[in-house]
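Read through the structure below, which is laid out as structure tokens, and then see the notes.
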Amino acid sequence: ALHDQVIQTLDAPDPNGDFGKIVCVLKWLGAPLVPHLVAWLHLRRPLTPNLRRKVELMRRLSDSARVRLAAKSALADKGDITLARVEELSKLRVALLRDATAAAFDRALLKRRDQVTEKLQSWQSTAATAVVSYAVKRALKR
């Protein structure tokens, strides 16, 4: 419940540029929020200018290496459907299931896993090459 409110706050426009307060909340919530943030960073790509500032702050200030790496990857993403991007989402999908199982089947993590699955399914028909299409099919089987 609290995780969803934090993620909704990240998605909200920030006209004052006062995202620093949210970073303090993210640090305070700590490790239980990490899988949610990582999933959010993977699902919101390519980043809008509003999100880019927030993700840059997360990349610099997060205590979690997983969040910093996901933020760095999100900042570099141009929005293309590539083999590397498919592999990232495939690994994220597996990690979310593992994290949800460890957290007694956290419904929010399972919902984020479903969002990753939907994104991969949407790419199945729009893949530019046969290699990427095959990678998407393989990722959905994991």
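Within each chain, counting starts at residue 1; across the structure tokens, chains are named A, B, ... in the order shown, with ligands numbered 1 upward in that order.
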Do a neighbour search on range 136-140 of chain A at 7 Å with only C-alpha atoms, toss out local chain neighbours closer than 6 positions, and write the hits as a list of chain:residue names.
A:Val86, A:Ser90, A:Thr117, A:Leu120, A:Gln124
Take the residues that were just selected and, keeping C-alpha atoms, output them as a PDB file, in the first residue's frame.
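File produced: result.pdb:
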ATOM      1  CA  VAL A  86      14.529  -7.857 -23.677  1.00  0.00           C
ATOM      2  CA  SER A  90      13.367 -11.070 -18.616  1.00  0.00           C
ATOM      3  CA  THR A 117       4.943  -9.483 -18.847  1.00  0.00           C
ATOM      4  CA  LEU A 120       7.143  -8.080 -23.276  1.00  0.00           C
ATOM      5  CA  GLN A 124       6.307  -9.680 -29.431  1.00  0.00           C
TER       6      GLN A 124
END
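One distance worth recording is that between CA of Glu87 in chain A and CA of Ala100 in chain A, which is 19.9 Å.
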Could you name the residues that touch Gly30 in chain A at 9 Å or less, counting only C-alpha atoms, but leaving out those on the same chain fewer than 5 positions away, as a PyMOL selection string?
chain A and resi 25+63-64
Can you tell me, as a ChimeraX atom specification, which residues in range 46-127 of chain A count as helix (DSSP H, G or I) by DSSP?
/A:49-61,65-76,83-102,107-124
Neighbours of Leu83 in chain A within 10 Å (only C-alpha atoms; same-chain residues fewer than 3 positions away dropped), as a PyMOL selection string?
chain A and resi 80+86-88+127+129+131-136
Which residues, written as a list in words, have at least one atom at most 12 Å from Leu110 in chain A, with only C-alpha atoms counted and residues fewer than 6 positions away on the same chain left out?
Pro35, His36, Ala39, Leu92, Arg93, Val94, Ala95, Leu96, Leu97, Arg98, Asp99, Ala100, Thr101, Ala102, Ala103, Ala104, Val116 and Thr117 of chain A
CA of Trp123 in chain A and CA of Leu43 in chain A are how many Å apart?
12.9 Å
Quick one: of A:Leu57, A:Leu33, A:Ala74, A:Cys24, who's nearest to Ile7 in chain A, counting only C-alpha atoms?
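Looking only at the distances to Ile7 in chain A, the closest residue turns out to be A:Leu33.
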Show me, as a PyMOL selection string, the residues that have an atom within 12 Å of Trp28 in chain A when counting only C-alpha atoms, minus same-chain residues fewer than 6 positions from it.
chain A and resi 6+21-22+34+62-63
